[in-house]
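Here's entry-v8.txt, which has compact mmCIF, C-alpha atoms:
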# COMPACT_ATOMS: atom_id res chain seq x y z
CA MET A 1 -16.32 24.43 8.72
CA ALA A 2 -16.64 23.39 12.36
CA GLY A 3 -18.85 20.38 12.83
CA ALA A 4 -18.82 19.49 9.14
CA LYS A 5 -18.86 15.79 8.34
CA ARG A 6 -15.41 14.54 7.44
CA PRO A 7 -14.70 12.20 4.52
CA THR A 8 -15.22 8.48 5.02
CA PRO A 9 -11.86 6.72 5.49
CA VAL A 10 -10.99 3.73 3.30
CA LEU A 11 -7.96 1.45 3.49
CA MET A 12 -6.91 -0.61 0.49
CA ILE A 13 -5.61 -4.05 1.51
CA PRO A 14 -3.72 -6.38 1.72
CA LEU A 15 -0.44 -6.30 -0.30
CA ARG A 16 1.37 -4.08 -2.81
CA ARG A 17 1.93 -5.00 -6.48
CA CYS A 18 -1.72 -5.99 -6.89
CA GLY A 19 -2.61 -3.28 -9.42
CA SER A 20 -3.33 -0.83 -6.62
CA HIS A 21 -1.97 2.26 -8.40
CA ALA A 22 -4.07 1.49 -11.48
CA LEU A 23 -7.21 1.52 -9.33
CA ARG A 24 -6.21 4.53 -7.23
CA LEU A 25 -5.34 6.71 -10.21
CA ARG A 26 -8.61 5.92 -12.01
CA LEU A 27 -10.77 6.50 -8.93
CA ASN A 28 -9.04 9.84 -8.41
CA ASN A 29 -10.83 11.07 -11.55
CA SER A 30 -13.92 11.32 -9.33
CA LYS A 31 -14.41 14.65 -7.55
CA GLU A 32 -15.95 12.70 -4.66
CA PHE A 33 -12.86 10.53 -4.10
CA TYR A 34 -9.27 11.28 -3.23
CA SER A 35 -6.29 9.08 -2.53
CA PRO A 36 -2.83 10.68 -2.44
CA TYR A 37 0.39 8.76 -2.92
CA PRO A 38 0.65 6.51 0.17
CA LEU A 39 3.11 7.11 2.99
CA HIS A 40 3.44 3.39 3.82
CA ILE A 41 3.50 4.02 7.56
CA VAL A 42 4.52 0.37 8.06
CA ASP A 43 8.15 1.47 7.55
CA PHE A 44 7.79 3.97 10.41
CA MET A 45 6.18 1.55 12.87
CA PRO A 46 9.41 0.08 14.39
CA LEU A 47 10.27 3.59 15.61
CA VAL A 48 6.96 4.37 17.33
CA PRO A 49 7.69 2.69 20.71
CA ARG A 50 10.78 4.86 21.06
CA TYR A 51 8.68 8.03 21.34
CA GLY A 52 7.69 6.83 24.80
CA ASN A 53 4.38 7.52 26.50
CA LEU A 54 2.21 9.36 23.97
CA ASP A 55 0.12 10.82 26.80
CA ASP A 56 3.09 13.13 27.29
CA ASP A 57 2.41 16.17 25.06
CA GLU A 58 6.06 16.65 24.14
CA ASN A 59 6.44 13.03 23.01
CA TYR A 60 3.24 13.17 20.97
CA PHE A 61 4.18 16.48 19.39
CA ARG A 62 7.55 15.03 18.34
CA LEU A 63 5.70 12.15 16.73
CA VAL A 64 3.40 14.57 14.89
CA VAL A 65 6.41 16.50 13.60
CA ASP A 66 8.16 13.34 12.40
CA VAL A 67 5.10 11.86 10.65
CA ILE A 68 4.68 15.15 8.81
CA GLY A 69 8.38 14.86 7.98
CA LEU A 70 7.75 11.41 6.51
CA GLN A 71 5.11 12.93 4.27
CA ALA A 72 7.58 15.60 3.18
CA ALA A 73 10.18 12.90 2.42
CA SER A 74 7.74 10.94 0.25
CA MET A 75 8.75 10.20 -3.34
CA VAL A 76 5.55 11.74 -4.70
CA LYS A 77 4.44 14.99 -3.08
CA TRP A 78 0.87 15.74 -2.08
CA LYS A 79 -0.23 18.69 -4.20
CA ASP A 80 -1.10 22.11 -2.82
CA ILE A 81 -0.95 21.30 0.88
CA VAL A 82 1.53 22.02 3.66
CA PHE A 83 0.96 20.80 7.21
CA ASP A 84 1.56 22.93 10.30
CA PRO A 85 2.66 20.53 13.09
CA VAL A 86 1.33 22.82 15.82
CA ASP A 87 -2.09 23.05 14.17
CA VAL A 88 -2.25 19.29 13.60
CA PHE A 89 -1.20 18.57 17.18
CA GLU A 90 -3.72 20.99 18.68
CA SER A 91 -6.56 19.57 16.57
CA ILE A 92 -6.05 15.93 17.62
CA LYS A 93 -4.40 16.11 21.05
CA ASN A 94 -7.66 15.31 22.84
CA ASP A 95 -8.43 12.30 20.62
CA ARG A 96 -7.10 8.83 21.20
CA ARG A 97 -3.37 9.16 20.61
CA SER A 98 -1.80 7.02 17.92
CA VAL A 99 0.57 7.31 14.98
CA HIS A 100 -2.39 6.20 12.85
CA ARG A 101 -4.50 9.08 14.15
CA ILE A 102 -1.77 11.48 13.04
CA LEU A 103 -1.45 9.90 9.61
CA TRP A 104 -5.19 9.94 9.05
CA GLU A 105 -5.46 13.56 10.13
CA LEU A 106 -3.10 14.36 7.26
CA LEU A 107 -5.11 12.19 4.88
CA LEU A 108 -8.47 13.61 5.93
CA ARG A 109 -7.23 17.19 5.64
CA THR A 110 -5.94 16.44 2.17
CA GLY A 111 -9.27 14.90 1.21
CA GLU A 112 -11.15 17.89 2.57
CA ARG A 113 -8.99 20.22 0.52
CA HIS A 114 -10.08 18.24 -2.55
CA HIS A 115 -13.74 18.31 -1.38
CA ALA A 116 -13.81 14.52 -1.36
CA ARG A 117 -16.43 12.39 0.36
CA ILE A 118 -14.13 9.34 0.36
CA VAL A 119 -10.43 9.38 1.30
CA MET A 120 -8.43 6.20 0.68
CA ASP A 121 -5.02 5.20 1.97
CA LYS A 122 -3.24 2.87 -0.47
CA SER A 123 -0.77 1.80 2.24
CA LEU A 124 -1.87 -1.81 1.86
CA ASP A 125 0.53 -3.09 4.55
CA SER A 126 -1.59 -1.26 7.13
CA VAL A 127 -3.81 -4.34 7.02
CA HIS A 128 -1.65 -5.32 10.02
CA TYR A 129 -3.19 -2.46 12.01
CA ALA A 130 -6.84 -2.89 11.01
CA ASP A 131 -8.08 -3.41 14.56
CA GLU A 132 -6.56 -0.17 15.80
CA LEU A 133 -7.80 1.70 12.75
CA LEU A 134 -11.35 0.50 13.35
CA GLN A 135 -11.12 1.67 16.96
CA LEU A 136 -10.05 5.09 15.74
CA PHE A 137 -12.49 5.18 12.83
CA PRO A 138 -15.46 2.83 13.31
CA ASN A 139 -16.81 3.90 9.90
CA MET A 140 -13.69 2.79 8.02
CA LEU A 141 -14.18 0.71 4.87
CA PHE A 142 -11.74 -1.71 3.24
CA LEU A 143 -11.08 -2.39 -0.44
CA ASN A 144 -9.59 -5.88 -0.64
CA VAL A 145 -7.75 -6.27 -3.95
CA VAL A 146 -6.91 -9.86 -4.87
CA ARG A 147 -4.43 -10.78 -7.58
CA ASP A 148 -3.33 -14.21 -8.77
CA PRO A 149 -0.52 -14.98 -6.31
CA ARG A 150 1.76 -16.26 -9.07
CA ALA A 151 1.44 -13.01 -11.03
CA GLN A 152 1.73 -10.90 -7.90
CA VAL A 153 4.79 -12.74 -6.62
CA ALA A 154 6.42 -12.42 -10.06
CA SER A 155 5.83 -8.68 -9.84
CA MET A 156 7.07 -8.51 -6.24
CA ASN A 157 10.26 -10.33 -7.26
CA ARG A 158 11.21 -7.36 -9.42
CA ALA A 159 10.33 -4.66 -6.88
CA ILE A 160 12.93 -3.18 -4.57
CA ILE A 161 10.26 -2.79 -1.88
CA HIS A 162 9.89 -6.58 -1.59
CA ASP A 163 12.13 -9.63 -1.35
CA TYR A 164 14.07 -11.05 -4.26
CA ASP A 165 12.79 -14.58 -3.85
CA SER A 166 9.52 -16.25 -4.82
CA THR A 167 9.29 -18.30 -1.63
CA LEU A 168 9.59 -15.28 0.68
CA ASN A 169 7.17 -13.22 -1.37
CA ALA A 170 4.67 -16.08 -1.47
CA LEU A 171 4.86 -16.28 2.33
CA ALA A 172 4.22 -12.52 2.51
CA TRP A 173 1.25 -12.95 0.15
CA LEU A 174 -0.16 -15.69 2.35
CA GLU A 175 0.19 -13.71 5.58
CA ALA A 176 -1.41 -10.62 4.06
CA HIS A 177 -4.42 -12.55 2.79
CA GLN A 178 -4.85 -14.34 6.09
CA LEU A 179 -5.11 -10.91 7.71
CA SER A 180 -7.59 -9.66 5.14
CA ARG A 181 -9.71 -12.80 5.55
CA ASP A 182 -9.86 -12.12 9.28
CA ILE A 183 -11.20 -8.62 8.61
CA ILE A 184 -13.75 -10.02 6.15
CA ASN A 185 -14.93 -12.62 8.66
CA ARG A 186 -15.34 -10.07 11.47
CA HIS A 187 -16.57 -7.10 9.44
CA PRO A 188 -18.11 -8.46 6.22
CA ASP A 189 -20.20 -5.33 5.63
CA ARG A 190 -17.08 -3.14 5.68
CA VAL A 191 -15.10 -4.99 3.01
CA LEU A 192 -15.43 -5.15 -0.77
CA THR A 193 -13.28 -7.80 -2.45
CA ILE A 194 -12.37 -7.49 -6.12
CA ARG A 195 -10.05 -9.52 -8.32
CA TYR A 196 -7.51 -7.58 -10.34
CA GLU A 197 -8.01 -10.00 -13.23
CA ASP A 198 -11.68 -9.01 -13.36
CA PHE A 199 -10.58 -5.36 -13.57
CA LEU A 200 -8.35 -6.28 -16.53
CA THR A 201 -11.26 -7.98 -18.23
CA ASN A 202 -13.85 -5.28 -17.59
CA GLN A 203 -12.69 -2.05 -15.98
CA GLU A 204 -16.11 -0.45 -15.94
CA THR A 205 -17.86 -3.27 -14.12
CA VAL A 206 -15.26 -3.36 -11.35
CA LEU A 207 -15.03 0.43 -11.00
CA ARG A 208 -18.83 0.69 -10.83
CA ALA A 209 -18.85 -1.93 -8.06
CA ILE A 210 -16.23 0.02 -6.11
CA CYS A 211 -18.09 3.29 -6.54
CA GLY A 212 -21.31 1.66 -5.41
CA PHE A 213 -19.60 0.33 -2.29
CA PHE A 214 -18.16 3.78 -1.53
CA GLY A 215 -21.46 5.52 -2.25
CA ILE A 216 -20.04 7.76 -4.97
CA ALA A 217 -20.99 8.22 -8.60
CA PHE A 218 -19.15 6.36 -11.33
CA THR A 219 -17.73 8.63 -14.03
CA SER A 220 -16.58 7.58 -17.47
CA LYS A 221 -13.37 9.57 -16.92
CA MET A 222 -12.22 6.70 -14.73
CA LEU A 223 -11.86 4.54 -17.84
CA ASP A 224 -9.23 6.80 -19.41
CA VAL A 225 -6.05 7.01 -17.35
CA THR A 226 -4.74 9.78 -19.61
CA HIS A 227 -6.95 12.11 -17.55
CA SER A 228 -4.61 11.51 -14.60
CA ASN A 229 -1.72 13.95 -14.40
CA GLU A 230 -0.27 11.89 -11.55
CA ALA A 231 -0.30 8.75 -13.70
CA GLN A 232 1.80 10.54 -16.30
CA GLN A 233 4.11 11.94 -13.63
CA ILE A 234 4.86 8.79 -11.66
CA SER A 235 5.21 6.61 -14.76
CA HIS A 236 8.44 8.49 -15.50
CA MET A 237 9.73 8.33 -11.92
CA SER A 238 10.16 4.59 -11.42
CA ALA A 239 10.24 1.42 -13.46
CA LEU A 240 7.69 0.02 -10.99
CA TRP A 241 5.12 2.52 -12.25
CA GLU A 242 5.83 2.72 -15.98
CA SER A 243 2.65 0.92 -17.00
CA ASN A 244 0.35 3.23 -15.05
CA ARG A 245 -0.06 5.70 -17.93
CA PHE A 246 -1.41 3.00 -20.24
CA PRO A 247 -4.66 1.01 -20.34
CA PRO A 248 -4.31 -2.40 -18.64
CA ILE A 249 -3.18 -5.24 -20.89
CA LEU A 250 -5.17 -8.43 -20.38
CA ALA A 251 -2.37 -10.65 -21.70
CA ASN A 252 -0.14 -9.55 -18.83
CA LYS A 253 -2.12 -11.63 -16.37
CA ASP A 254 -0.30 -14.73 -17.64
CA LYS A 255 3.09 -13.08 -17.93
CA PHE A 256 4.24 -14.94 -14.82
CA LYS A 257 4.46 -18.13 -16.89
CA GLN A 258 7.51 -16.69 -18.61
CA GLN A 259 8.90 -15.03 -15.48
CA LEU A 260 8.74 -17.96 -13.05
CA SER A 261 10.10 -21.49 -13.19
CA MET A 262 7.72 -24.41 -12.67
CA GLN A 263 9.40 -25.02 -9.32
CA GLU A 264 8.63 -21.46 -8.24
CA ILE A 265 5.06 -21.82 -9.44
CA GLU A 266 4.66 -25.02 -7.44
CA VAL A 267 6.02 -23.34 -4.29
CA ILE A 268 3.61 -20.42 -4.70
CA GLU A 269 0.64 -22.69 -5.42
CA SER A 270 1.48 -24.91 -2.44
CA LEU A 271 1.65 -21.98 -0.03
CA THR A 272 -1.42 -20.15 -1.33
CA ARG A 273 -3.51 -23.19 -2.26
CA GLU A 274 -6.44 -22.36 0.01
CA PHE A 275 -6.79 -18.82 -1.29
CA MET A 276 -6.31 -19.81 -4.93
CA GLN A 277 -9.26 -22.15 -4.50
CA LEU A 278 -11.26 -19.47 -2.68
CA TYR A 279 -10.76 -16.88 -5.42
CA GLY A 280 -11.04 -19.22 -8.38
CA TYR A 281 -7.50 -19.45 -9.74
CA GLU A 282 -6.62 -22.60 -11.69
CA PHE A 283 -3.61 -24.67 -10.63
CA MET A 284 -0.69 -25.61 -12.85
CA THR A 285 0.92 -28.07 -10.41
CA ALA A 286 -0.03 -30.58 -7.71
CA ALA A 287 0.54 -27.77 -5.15
CA ASN A 288 1.64 -30.07 -2.33
CA LEU A 289 5.23 -29.02 -1.60
CA GLU A 290 6.35 -28.56 2.00
CA LEU A 291 9.02 -26.00 2.87
CA SER A 292 11.88 -26.71 5.22
CA GLN A 293 13.57 -24.16 7.45
CA GLU A 294 16.74 -24.70 5.43
CA THR A 295 14.88 -23.66 2.27
CA ILE A 296 13.59 -20.50 3.92
CA LYS A 297 17.05 -19.66 5.28
CA ALA A 298 18.57 -20.06 1.83
CA ALA A 299 15.82 -17.90 0.36
CA LYS A 300 16.59 -15.09 2.81
CA GLU A 301 20.28 -15.21 1.94
CA LYS A 302 19.49 -15.15 -1.77
CA SER A 303 17.10 -12.24 -1.32
CA ALA A 304 19.63 -10.20 0.66
CA ARG A 305 22.16 -10.59 -2.13
CA GLY A 306 19.54 -9.70 -4.72
CA LYS A 307 18.53 -6.55 -2.86
CA GLU A 308 22.12 -5.30 -2.76
CA VAL A 309 22.43 -5.84 -6.51
CA ALA A 310 19.06 -4.14 -7.09
CA TRP A 311 20.03 -0.98 -5.19
CA ASP A 312 23.28 -0.79 -7.13
CA SER A 313 21.48 -1.32 -10.44
CA LEU A 314 18.86 1.27 -9.58
CA LYS A 315 21.58 3.81 -8.82
CA HIS A 316 22.98 3.40 -12.33
CA ASP A 317 19.73 2.83 -14.25
CA ASN A 318 17.48 5.52 -12.73
CA TYR A 319 19.26 8.02 -10.51
CA LYS A 320 16.05 9.96 -9.79
CA ASP A 321 14.26 6.88 -8.47
CA TYR A 322 17.35 5.92 -6.49
CA VAL A 323 17.89 9.34 -4.90
CA LEU A 324 14.22 9.76 -3.97
CA ARG A 325 14.04 6.30 -2.38
CA ARG A 326 17.35 6.86 -0.56
CA PHE A 327 16.15 10.23 0.71
CA ARG A 328 13.16 8.58 2.38
CA ALA A 329 15.29 5.71 3.70
CA ASP A 330 17.84 8.19 5.03
CA TYR A 331 15.08 10.18 6.74
CA LEU A 332 13.94 7.06 8.60
CA ALA A 333 17.55 6.14 9.37
CA GLY A 334 18.11 9.63 10.79
CA LEU A 335 15.13 9.27 13.10
CA ASN A 336 16.44 5.88 14.17
CA GLN A 337 19.75 7.48 15.20
CA ARG A 338 18.13 10.45 16.95
CA LEU A 339 15.49 8.68 18.99
CA PRO A 340 16.46 7.19 22.35
CA ALA A 341 17.38 3.53 22.22
CA HIS A 342 15.17 2.70 25.21
CA VAL A 343 12.10 4.35 26.65

Re-express the file's structure as structure tokens.
Amino acid sequence: MAGAKRPTPVLMIPLRRCGSHALRLRLNNSKEFYSPYPLHIVDFMPLVPRYGNLDDDENYFRLVVDVIGLQAASMVKWKDIVFDPVDVFESIKNDRRSVHRILWELLLRTGERHHARIVMDKSLDSVHYADELLQLFPNMLFLNVVRDPRAQVASMNRAIIHDYDSTLNALAWLEAHQLSRDIINRHPDRVLTIRYEDFLTNQETVLRAICGFFGIAFTSKMLDVTHSNEAQQISHMSALWESNRFPPILANKDKFKQQLSMQEIEVIESLTREFMQLYGYEFMTAANLELSQETIKAAKEKSARGKEVAWDSLKHDNYKDYVLRRFRADYLAGLNQRLPAHV
């Protein structure tokens, strides 16, 4: 309906492997809320400058087409919706032009199809683009999900989307939380911070707090993930998502103690010390190590080797996961080859 109020946009921040799917899938049991599988536009961002001046209609239309293509290449499809690039372009061409405006047009249309009042993007890495997003959508809200950096880094170490080294992943954790803190400091009324460990301890309390912040009603269906068809679907698609069809296990919050060496724990605690204190995580070490450039260089070399092994293992262990991830990677690689090198 023309002139109808659109859903309120929400961005979850600041870093993947924080329990974000667990929260998204449960909140999706509300008829007022919708959050499709994220497109992770961060992977597309290096290509954006090569579309040239977006004031040129042809350039902007090409960008619209290719963002819609990214959605089509996603591992998990958005149900019951197909985007017409011409219609999308015509509807936003007079707005401020941005790849984020295109992405959010897709998200908002999907939310409207589900009659949602709140639409959330779980592309946590978009914390890097918060300023531009707030310019596009001054009413945007942020859900800041904090997880013990030791547990999160241990999880990141096993994920093909991250590095295969605790030092590099701890540095990524630190950068992401520095960005989220900046948003909190500048827009405190637009951010709700929750700890994943508190969700593990009491799902209902945390979900009620989130619903209150979004202005939607809490429903008891959120407490039973078996209501989520998507949770059942994606749990069979990738080892990264296997646990999403089960209730959270409180004991897993300390699993990192078996997964990380004390040296790794000390590196993580040293890098994230300020935020561990801020969010109330207890230390296991003196947390006063300093990293050298040689250490970081060695970590990058180790991670590169680990990633090669991981892709090879994934190909043999889960061909569906491998093919779907390669399809998306190949789509982006194809755009990289097609677009002009300089604009």

- Task: Find, counting all atoms listed in the file, the residue in A:Met12, A:Leu324, A:Leu47, A:Leu141 that gets nearest to Ala176 in chain A.
- Result: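 Result for the nearest residue to Ala176 in chain A: A:Met12.
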
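Taking CA of Ile13 in chain A and CA of Asn144 in chain A as the two end points, the separation is 4.9 Å.
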
- Which residue gives the smallest distance to Gly19 in chain A among A:Arg195, A:His114, A:Lys257, A:Arg158, with only C-alpha atoms counted?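 That would be A:Arg195, the residue with the smallest distance to Gly19 in chain A.
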
- Counting only C-alpha atoms, figure out which residue out of A:Tyr129, A:Tyr279, A:Phe61, A:Tyr37 gets nearest to Ser91 in chain A. A:Phe61

Put a box with edges along x, y and z around all the listed atoms of range 71-78 of chain A, pad it by 8 Å on each side, then give me its centre and sizes in Å, one decimal, as AutoDock Vina command-line options.
--center_x 5.5 --center_y 13.0 --center_z -0.2 --size_x 25.3 --size_y 21.5 --size_z 25.0

- Message: Just to confirm, what's the straight-line distance from CA of Lys5 in chain A to CA of Pro138 in chain A in Å (one decimal)?
- Response: 14.3 Å

- Task: Between CA of Arg150 in chain A and CA of Glu269 in chain A, measure the distance and give it in Å to one decimal.
- Result: 7.5 Å

- Note on the structure: For Gln277 in chain A, the closest of A:Ile216, A:Tyr319, A:Arg208, A:Asp148 counting only C-alpha atoms is A:Asp148

- Of A:Asn169, A:Asn139, A:Thr110, A:Gln263, the one nearest to Ser303 in chain A when counting all atoms listed in the file is A:Asn169

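Among A:Val206, A:Val153, A:Val309, A:Ile184, the residue with the shortest atom-to-atom distance to Ile265 in chain A, counting all atoms listed in the file, is A:Val153.
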
Excluding same-chain residues fewer than 3 positions from Glu175 in chain A, what lies within 10 Å of it counting only C-alpha atoms, as a PDB file with C-alpha atoms, in the frame of the given file?
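Done, and the output landed in part35.pdb:
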ATOM      1  CA  PRO A  14      -3.720  -6.380   1.720  1.00  0.00           C
ATOM      2  CA  LEU A  15      -0.440  -6.300  -0.300  1.00  0.00           C
ATOM      3  CA  HIS A 128      -1.650  -5.320  10.020  1.00  0.00           C
ATOM      4  CA  ASN A 169       7.170 -13.220  -1.370  1.00  0.00           C
ATOM      5  CA  ALA A 170       4.670 -16.080  -1.470  1.00  0.00           C
ATOM      6  CA  LEU A 171       4.860 -16.280   2.330  1.00  0.00           C
ATOM      7  CA  ALA A 172       4.220 -12.520   2.510  1.00  0.00           C
ATOM      8  CA  GLN A 178      -4.850 -14.340   6.090  1.00  0.00           C
ATOM      9  CA  LEU A 179      -5.110 -10.910   7.710  1.00  0.00           C
ATOM     10  CA  SER A 180      -7.590  -9.660   5.140  1.00  0.00           C
ATOM     11  CA  ARG A 181      -9.710 -12.800   5.550  1.00  0.00           C
ATOM     12  CA  THR A 272      -1.420 -20.150  -1.330  1.00  0.00           C
TER      13      THR A 272
END

- Task: Excluding range 77-81 of chain A and residues on its chain fewer than 3 positions from it, collect all residues at most 12 Å away from it, counting only C-alpha atoms, and give them as number ranges by chain.
- Result: A: 34-39, 68-74, 84, 106-114, 229-230, 233-234, 324

- Query: If we count all atoms listed in the file, what is near range 93-100 of chain A at a cut-off of 10 Å, once residues fewer than 4 positions away on the same chain are taken out, given as a list in words?
  - Reply: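 Skipping anything fewer than 4 positions along the chain leaves Ile41, Phe44, Met45, Val48, Asn53, Leu54, Asp55, Asp57, Tyr60, Phe61, Leu63, Val64, Val67, Val88, Phe89, Trp104, Glu105, Leu106, Ser126, Tyr129, Glu132, Leu133, Gln135 and Leu136 of chain A.
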
- Task: Can you pull out every residue within 9 Å of Asn252 in chain A, counting all atoms listed in the file, but drop anything in the same chain fewer than 4 positions away, and send it as an MDAnalysis selection string?
- Result: chainID A and resid 151 248 256

Can you pull out every residue within 8 Å of Leu27 in chain A, counting only C-alpha atoms, but drop anything in the same chain fewer than 4 positions away, and send it as a compact mmCIF listing (two decimals) with C-alpha atoms, in the frame of the given file?
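The resulting file, out.txt, is reproduced below:
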# COMPACT_ATOMS: atom_id res chain seq x y z
CA LEU A 23 -7.21 1.52 -9.33
CA PHE A 33 -12.86 10.53 -4.10
CA TYR A 34 -9.27 11.28 -3.23
CA LEU A 207 -15.03 0.43 -11.00
CA MET A 222 -12.22 6.70 -14.73
